[in-house]
$ cat entry.cif   # mmCIF, C-alpha atoms
data_my_file
loop_
_atom_site.label_atom_id
_atom_site.label_comp_id
_atom_site.auth_asym_id
_atom_site.auth_seq_id
_atom_site.Cartn_x
_atom_site.Cartn_y
_atom_site.Cartn_z
CA MET A 1 107.25 118.92 124.25
CA ALA A 2 108.19 117.34 120.93
CA LYS A 3 106.52 118.76 117.88
CA TYR A 4 103.53 116.66 116.92
CA VAL A 5 104.02 115.05 113.53
CA LEU A 6 100.90 114.15 111.56
CA ASP A 7 100.63 110.61 110.28
CA ASP A 8 98.37 109.28 107.54
CA THR A 9 95.58 108.42 109.97
CA ASP A 10 95.53 112.00 111.29
CA ARG A 11 95.37 113.31 107.74
CA GLU A 12 92.49 111.01 106.84
CA ILE A 13 90.54 112.07 109.93
CA ILE A 14 91.21 115.75 109.18
CA GLU A 15 90.11 115.31 105.59
CA LEU A 16 86.71 113.97 106.69
CA LEU A 17 86.25 116.74 109.26
CA GLN A 18 87.11 119.35 106.61
CA GLN A 19 84.03 118.14 104.75
CA ASP A 20 81.75 117.87 107.78
CA GLY A 21 82.95 119.13 111.14
CA ARG A 22 80.09 117.38 112.95
CA MET A 23 80.63 113.94 111.45
CA PRO A 24 80.12 111.44 114.31
CA PHE A 25 83.33 109.80 115.51
CA LEU A 26 81.68 106.42 114.93
CA THR A 27 81.10 107.23 111.25
CA ILE A 28 84.72 108.33 110.87
CA ALA A 29 85.89 105.18 112.64
CA ASN A 30 83.83 102.96 110.34
CA GLN A 31 85.00 104.72 107.20
CA LEU A 32 88.65 104.43 108.13
CA GLY A 33 88.52 101.01 109.79
CA LEU A 34 89.47 102.34 113.23
CA ALA A 35 88.02 102.06 116.72
CA GLU A 36 85.80 104.95 117.79
CA GLY A 37 88.05 105.57 120.81
CA THR A 38 91.07 105.95 118.50
CA VAL A 39 89.30 108.62 116.47
CA ARG A 40 88.17 110.41 119.63
CA ARG A 41 91.70 110.42 121.07
CA ARG A 42 93.28 111.55 117.80
CA VAL A 43 90.83 114.43 117.38
CA ALA A 44 91.30 115.52 120.99
CA ARG A 45 95.07 115.54 120.46
CA LEU A 46 94.82 117.52 117.19
CA LEU A 47 92.59 120.08 118.92
CA ASP A 48 94.88 120.30 121.97
CA GLU A 49 97.94 120.90 119.80
CA GLY A 50 96.16 123.68 117.93
CA ILE A 51 96.64 121.82 114.67
CA LEU A 52 92.91 121.56 114.05
CA ARG A 53 89.92 123.66 115.02
CA ILE A 54 86.33 122.70 114.34
CA VAL A 55 84.32 125.85 113.86
CA GLY A 56 81.16 127.22 112.36
CA ILE A 57 82.30 129.64 109.66
CA THR A 58 79.64 132.16 108.80
CA ASP A 59 79.33 134.01 105.52
CA PRO A 60 79.69 137.69 106.55
CA PHE A 61 77.42 138.89 103.77
CA ARG A 62 74.61 136.62 105.01
CA ILE A 63 74.74 137.71 108.64
CA GLY A 64 74.57 141.44 108.11
CA LEU A 65 78.25 142.30 107.85
CA TYR A 66 78.14 143.92 104.45
CA THR A 67 81.51 145.66 104.55
CA VAL A 68 84.60 143.48 104.53
CA ALA A 69 88.06 144.87 103.90
CA ILE A 70 91.69 143.82 103.86
CA VAL A 71 93.86 146.53 105.35
CA GLY A 72 97.64 146.64 105.04
CA LEU A 73 99.49 148.69 107.65
CA LYS A 74 102.94 150.27 107.74
CA VAL A 75 104.02 150.79 111.33
CA GLU A 76 106.95 152.29 113.25
CA ARG A 77 109.85 149.92 113.55
CA GLY A 78 109.94 148.25 116.95
CA ARG A 79 106.24 148.67 117.61
CA ILE A 80 104.90 145.82 115.50
CA ASP A 81 104.11 143.49 118.42
CA PRO A 82 102.16 145.92 120.62
CA ILE A 83 100.27 147.18 117.57
CA ALA A 84 99.45 143.62 116.45
CA ASN A 85 98.16 142.84 119.96
CA ALA A 86 96.06 146.01 120.08
CA LEU A 87 94.54 145.18 116.69
CA ALA A 88 93.84 141.58 117.73
CA GLU A 89 91.71 142.90 120.61
CA LEU A 90 89.33 144.76 118.31
CA PRO A 91 86.20 142.71 117.61
CA GLU A 92 85.94 144.02 114.02
CA VAL A 93 89.30 142.46 113.20
CA ARG A 94 89.02 138.90 112.00
CA SER A 95 92.66 138.15 111.45
CA VAL A 96 96.03 139.78 112.05
CA ALA A 97 99.12 138.65 110.16
CA LEU A 98 102.63 139.97 110.60
CA SER A 99 104.26 140.17 107.20
CA THR A 100 107.16 141.31 105.07
CA GLY A 101 106.99 143.43 101.95
CA ASN A 102 104.83 146.42 101.31
CA PHE A 103 103.06 146.15 104.63
CA ASP A 104 104.20 145.16 108.12
CA LEU A 105 100.75 143.93 109.14
CA VAL A 106 97.79 142.70 107.12
CA ILE A 107 94.38 142.54 108.80
CA GLN A 108 90.90 141.47 107.73
CA VAL A 109 88.01 143.57 108.98
CA ALA A 110 84.27 142.85 108.89
CA VAL A 111 81.70 145.51 109.81
CA LYS A 112 78.05 146.29 109.11
CA ASN A 113 78.47 149.13 106.63
CA ASN A 114 80.79 151.74 105.17
CA ASP A 115 80.08 154.15 108.04
CA GLU A 116 81.41 151.61 110.50
CA LEU A 117 84.46 151.03 108.33
CA LEU A 118 85.11 154.75 108.29
CA THR A 119 84.81 154.89 112.08
CA PHE A 120 87.17 151.93 112.33
CA LEU A 121 89.79 153.47 110.03
CA ILE A 122 89.60 157.02 111.34
CA LYS A 123 88.86 156.57 115.03
CA LYS A 124 89.88 153.12 116.20
CA LEU A 125 93.11 152.88 114.23
CA SER A 126 94.16 156.40 115.20
CA GLU A 127 93.88 155.43 118.88
CA ILE A 128 96.71 152.94 118.34
CA PRO A 129 100.03 154.81 118.37
CA GLY A 130 102.68 154.00 115.78
CA ILE A 131 100.61 153.29 112.66
CA LEU A 132 102.26 155.24 109.82
CA ASN A 133 99.91 154.53 106.94
CA THR A 134 97.29 152.10 105.73
CA GLY A 135 96.05 150.74 102.43
CA THR A 136 92.46 149.53 102.41
CA SER A 137 91.15 147.05 99.86
CA LEU A 138 87.38 146.89 100.09
CA VAL A 139 86.02 143.43 99.29
CA LEU A 140 83.46 143.65 96.49
CA LYS A 141 83.14 139.92 96.06
CA VAL A 142 84.68 136.78 97.49
CA ALA A 143 85.63 134.76 94.42
CA LYS A 144 87.01 131.80 96.38
CA GLU A 145 87.28 130.73 99.99
CA ASP A 146 88.74 127.32 100.67
CA PHE A 147 89.76 126.08 104.11
CA GLY A 148 90.63 122.55 103.05
CA TRP A 149 94.39 122.75 103.21
CA GLY A 150 96.88 120.60 105.02
CA VAL A 151 96.04 117.02 104.22
CA ASN A 152 97.45 116.45 100.75
CA MET B 153 67.33 134.46 105.02
CA PRO B 154 66.58 136.73 107.99
CA LEU B 155 68.21 135.61 111.24
CA ASP B 156 66.42 135.82 114.56
CA GLU B 157 67.93 135.95 118.03
CA LEU B 158 67.94 132.16 118.42
CA ASP B 159 69.84 131.73 115.14
CA ARG B 160 72.42 134.25 116.30
CA GLN B 161 72.87 132.54 119.64
CA ILE B 162 73.29 129.16 117.97
CA LEU B 163 75.87 130.64 115.59
CA ALA B 164 77.78 132.21 118.47
CA TYR B 165 78.20 128.79 120.11
CA LEU B 166 79.11 127.02 116.87
CA GLN B 167 81.69 129.66 115.98
CA GLU B 168 83.47 128.83 119.20
CA ASP B 169 83.12 125.04 118.99
CA GLY B 170 81.55 123.52 115.89
CA ARG B 171 80.94 120.21 117.67
CA THR B 172 78.92 121.61 120.55
CA SER B 173 76.25 118.93 121.01
CA TYR B 174 72.63 119.70 120.22
CA VAL B 175 71.73 118.63 123.76
CA THR B 176 74.13 121.22 125.21
CA LEU B 177 72.81 123.92 122.86
CA ALA B 178 69.22 123.02 123.68
CA SER B 179 69.68 123.27 127.43
CA ALA B 180 71.83 126.42 127.19
CA LEU B 181 69.28 128.21 125.01
CA GLY B 182 66.13 126.78 126.60
CA VAL B 183 64.66 125.11 123.50
CA SER B 184 64.22 121.52 122.41
CA GLU B 185 66.94 119.47 120.78
CA GLY B 186 64.74 119.06 117.69
CA THR B 187 64.50 122.84 117.32
CA ILE B 188 68.28 123.16 117.45
CA ARG B 189 68.69 120.37 114.91
CA LYS B 190 66.24 122.03 112.49
CA ARG B 191 67.80 125.46 112.90
CA VAL B 192 71.36 124.22 112.35
CA ARG B 193 70.30 122.27 109.28
CA ARG B 194 68.59 125.34 107.84
CA LEU B 195 71.58 127.61 108.58
CA GLU B 196 73.82 125.12 106.78
CA GLN B 197 71.48 124.66 103.83
CA GLU B 198 71.17 128.41 103.35
CA ASN B 199 74.98 128.71 103.45
CA VAL B 200 74.85 131.03 106.42
CA VAL B 201 77.32 128.75 108.20
CA GLN B 202 79.55 125.83 107.30
CA ILE B 203 80.77 123.69 110.18
CA ILE B 204 84.17 122.33 109.28
CA GLY B 205 87.60 121.42 110.58
CA VAL B 206 90.26 124.02 109.80
CA THR B 207 93.96 123.38 110.24
CA ASP B 208 96.65 125.85 111.21
CA PRO B 209 98.72 125.94 107.99
CA LEU B 210 101.96 126.61 109.85
CA LYS B 211 101.42 123.46 111.97
CA VAL B 212 100.67 121.03 109.13
CA GLY B 213 103.78 121.60 107.07
CA LEU B 214 102.48 124.51 104.98
CA ASP B 215 105.16 126.92 106.05
CA THR B 216 104.53 129.75 103.62
CA VAL B 217 101.45 131.94 103.79
CA ALA B 218 101.35 135.12 101.71
CA TYR B 219 99.02 137.85 100.60
CA VAL B 220 99.33 138.81 96.94
CA TRP B 221 97.86 142.05 95.58
CA PHE B 222 97.14 142.06 91.84
CA GLU B 223 96.68 144.79 89.31
CA ILE B 224 94.79 143.33 86.34
CA GLU B 225 93.95 144.72 82.90
CA ARG B 226 90.25 145.50 83.01
CA MET B 227 89.36 143.51 79.89
CA HIS B 228 90.93 140.37 81.37
CA LEU B 229 89.53 140.65 84.90
CA GLU B 230 86.91 137.87 84.69
CA GLU B 231 89.33 135.51 82.97
CA ALA B 232 92.07 136.16 85.51
CA ILE B 233 89.65 135.46 88.39
CA GLU B 234 88.62 132.14 86.86
CA CYS B 235 92.26 131.11 86.31
CA LEU B 236 93.35 132.09 89.81
CA LYS B 237 90.42 130.21 91.37
CA LEU B 238 91.68 127.02 89.73
CA LEU B 239 95.05 127.23 91.45
CA GLU B 240 95.01 125.03 94.53
CA GLU B 241 97.55 127.30 96.24
CA VAL B 242 95.10 130.21 96.13
CA ARG B 243 92.88 129.69 99.18
CA TYR B 244 91.09 133.00 99.36
CA LEU B 245 90.50 135.36 96.48
CA ILE B 246 88.66 138.63 96.59
CA VAL B 247 87.70 141.27 94.07
CA THR B 248 88.47 144.68 95.48
CA THR B 249 88.54 148.40 94.84
CA GLY B 250 91.45 150.78 95.27
CA SER B 251 94.95 150.61 93.88
CA HIS B 252 94.57 146.87 93.24
CA ASP B 253 91.92 144.72 91.61
CA LEU B 254 92.36 141.38 93.36
CA VAL B 255 93.83 140.13 96.62
CA ALA B 256 94.71 136.47 97.16
CA MET B 257 95.76 134.55 100.23
CA VAL B 258 98.20 131.85 99.20
CA VAL B 259 99.20 128.82 101.31
CA VAL B 260 102.13 126.66 100.10
CA PRO B 261 104.67 124.24 101.66
CA SER B 262 107.79 126.41 101.14
CA ARG B 263 109.31 129.64 99.84
CA GLU B 264 110.40 127.74 96.74
CA ASP B 265 106.79 126.85 96.00
CA LEU B 266 105.86 130.50 96.37
CA VAL B 267 108.58 131.53 93.92
CA ARG B 268 107.41 128.88 91.48
CA LEU B 269 103.84 130.06 91.82
CA LEU B 270 104.72 133.72 91.29
CA ASN B 271 107.17 133.18 88.43
CA ASP B 272 105.76 130.23 86.55
CA GLU B 273 102.07 129.73 87.25
CA LEU B 274 101.07 133.38 87.32
CA SER B 275 102.93 134.11 84.09
CA THR B 276 100.42 131.95 82.21
CA ILE B 277 97.43 133.94 83.48
CA PRO B 278 96.23 136.67 81.13
CA GLY B 279 96.02 140.31 82.12
CA ILE B 280 98.24 140.44 85.21
CA VAL B 281 99.95 143.84 85.11
CA SER B 282 101.69 143.70 88.48
CA THR B 283 101.76 141.84 91.80
CA GLN B 284 102.89 142.77 95.28
CA THR B 285 103.56 140.01 97.76
CA SER B 286 103.53 140.14 101.55
CA ILE B 287 104.87 136.99 103.16
CA VAL B 288 103.19 136.22 106.48
CA LEU B 289 105.76 135.74 109.24
CA LYS B 290 103.35 135.13 112.10
CA ILE B 291 99.60 134.84 112.53
CA HIS B 292 98.60 136.89 115.58
CA LYS B 293 94.88 136.31 115.34
CA GLN B 294 92.62 134.15 113.24
CA THR B 295 88.98 134.00 114.15
CA TYR B 296 86.06 132.68 112.22
CA ASP B 297 83.47 134.54 114.25
CA TRP B 298 82.65 137.24 111.75
CA ALA B 299 79.72 138.57 113.71
CA PRO B 300 80.56 140.32 116.93
CA PHE B 301 77.97 138.35 118.90
CA PRO B 302 78.65 140.18 122.16
CA LYS B 303 78.51 137.67 125.01
CA ILE B 304 80.82 134.99 123.74
CA THR B 305 83.19 137.32 121.90
CA GLU B 306 83.86 139.36 125.01
CA ALA B 307 84.50 136.33 127.16
CA GLN B 308 86.90 134.91 124.57
CA ASN B 309 88.87 138.11 124.15
CA LYS B 310 89.36 138.48 127.86
CA GLU B 311 90.49 134.92 128.28
CA ASP B 312 93.07 135.29 125.52
CA CYS B 313 94.41 138.65 126.63
CA PRO B 314 96.41 138.75 129.89
CA ALA B 315 96.00 142.53 130.11
CA HIS B 316 92.30 141.97 130.73
CA GLY B 317 93.06 139.37 133.44
#

$ encode --input "entry.cif" --output "structure tokens"
Amino acid sequence: MAKYVLDDTDREIIELLQQDGRMPFLTIANQLGLAEGTVRRRVARLLDEGILRIVGITDPFRIGLYTVAIVGLKVERGRIDPIANALAELPEVRSVALSTGNFDLVIQVAVKNNDELLTFLIKKLSEIPGILNTGTSLVLKVAKEDFGWGVN
Amino acid sequence: MPLDELDRQILAYLQEDGRTSYVTLASALGVSEGTIRKRVRRLEQENVVQIIGVTDPLKVGLDTVAYVWFEIERMHLEEAIECLKLLEEVRYLIVTTGSHDLVAMVVVPSREDLVRLLNDELSTIPGIVSTQTSIVLKIHKQTYDWAPFPKITEAQNKEDCPAHG
């Protein structure tokens, strides 16, 4: 299938949904001078293609997950993919990125407290073969979190 | 704001699909639509949840995602945070402990933009002692469901993982 290319209408729709994910399609249609069906079809397409997701993003510190960390991992060459998949299965792991540089993988972890982080680092990670070493950056404060990319 | 079981169940649904209708939520959770509406409004007002559209950067022409670790001179820490926050390219910035002081997630259109950011823009920010950059080659997992709300999380993981078939 050809790669979906965003046009200006897609970008305008996305921009509104980045402000309010529950904005009614009729409101979007009226603001942009489109038919409601057009907006509905466009959004369905963007969701199908995985370009856009509409999600409730919770603040970890407000829902009882008081320990958030970014962990960089060095792993054995040739084992990156199985290790990335094993990490992705763990519910504590919010994101897994394969990277270059100091670390082969960078993950974000959210747990209830430092005890759980310790269990995660010592027990859960050691059950995954091939991890050589890790560097853990404990999040003291989120200074900025902005999901509004991709329309400008 | 303390969360009760109903709040948590509502959040679990919204984390999966932010546009789940209030009617659907009401019938799934056995409460009235008005109750759902009030709860969601309160969760949003208290900043427990924000319901928004999020794009996949690699699918909207932002081809370079990187993590940058910073070591900052202590006396300039606050100033450096304020300056970094102002950069549009910096999407996520945290204050941390350990061998580094700050970690940023950066999203830009190309490698050239990343080089420009690292060489030009960062050089004007006071107190940066060193940076280490990890360029993201592939995003294996990106969830926004911070809380491991058991029912939905388990179902999702199994669906996405063939090994669990």

$ resolve_selection --input "entry.cif" --expression "the PyMOL selection byres ((chain B) within 7 of (chain A))" --output "ChimeraX atom specification"
/B:166-171,200-209,211-212,214,237,243-250,285-298,300,309

$ resolve_selection --input "entry.cif" --expression "the PyMOL selection byres ((chain B and resi 222) around 9)" --output "PyMOL selection string"
chain B and resi 220-221+223-224+252-256+280-285

$ atom_distance --input "entry.cif" --atom1 "atom CA of B:Glu185" --atom2 "atom CA of B:Asp156"
17.5 Å

$ residues_around --input "entry.cif" --residues "A:Arg79" --least-positions-apart "5" --cutoff "10 Å" --atoms "only C-alpha atoms" --output "list of chain:residue names"
A:Ala84, A:Pro129, A:Gly130, A:Ile131

$ atom_distance --input "entry.cif" --atom1 "atom CA of B:Ile162" --atom2 "atom CA of A:Arg40"
24.0 Å

$ closest_residue --input "entry.cif" --among "B:Leu155, B:Tyr174, B:Ala218, B:Gly186" --to "B:Val267" --atoms "all atoms listed in the file"
B:Ala218

$ closest_residue --input "entry.cif" --among "B:Leu210, B:Leu266, B:Val217, B:Met153" --to "B:Arg191" --atoms "all atoms listed in the file"
B:Met153

$ closest_residue --input "entry.cif" --among "A:Ser126, A:Asp8, A:Leu132, A:Ala29" --to "A:Ile80" --atoms "all atoms listed in the file"
A:Leu132

$ decode --input "entry.cif" --residues "stretch 214-239 of chain B" --atoms "C-alpha atoms" --output "mmCIF file, in the first residue's frame"
data_model
loop_
_atom_site.group_PDB
_atom_site.id
_atom_site.type_symbol
_atom_site.label_atom_id
_atom_site.label_comp_id
_atom_site.auth_asym_id
_atom_site.auth_seq_id
_atom_site.Cartn_x
_atom_site.Cartn_y
_atom_site.Cartn_z
ATOM 1 C CA LEU B 214 9.557 13.939 11.822
ATOM 2 C CA ASP B 215 12.194 11.368 11.037
ATOM 3 C CA THR B 216 14.626 12.014 13.856
ATOM 4 C CA VAL B 217 13.841 11.196 17.458
ATOM 5 C CA ALA B 218 16.655 11.287 20.014
ATOM 6 C CA TYR B 219 17.294 11.134 23.718
ATOM 7 C CA VAL B 220 19.831 13.649 24.989
ATOM 8 C CA TRP B 221 21.448 13.315 28.420
ATOM 9 C CA PHE B 222 22.803 16.556 29.903
ATOM 10 C CA GLU B 223 25.341 17.309 32.562
ATOM 11 C CA ILE B 224 24.700 20.850 33.815
ATOM 12 C CA GLU B 225 26.642 23.131 36.162
ATOM 13 C CA ARG B 226 24.660 23.188 39.379
ATOM 14 C CA MET B 227 24.426 26.979 39.597
ATOM 15 C CA HIS B 228 22.880 27.150 36.119
ATOM 16 C CA LEU B 229 20.424 24.265 36.455
ATOM 17 C CA GLU B 230 17.192 26.291 36.749
ATOM 18 C CA GLU B 231 18.213 28.606 33.927
ATOM 19 C CA ALA B 232 19.135 25.714 31.640
ATOM 20 C CA ILE B 233 15.754 24.040 32.300
ATOM 21 C CA GLU B 234 13.884 27.224 31.404
ATOM 22 C CA CYS B 235 15.895 27.667 28.194
ATOM 23 C CA LEU B 236 15.481 24.055 27.101
ATOM 24 C CA LYS B 237 11.717 24.180 27.739
ATOM 25 C CA LEU B 238 11.454 27.036 25.253
ATOM 26 C CA LEU B 239 12.920 24.971 22.432
#
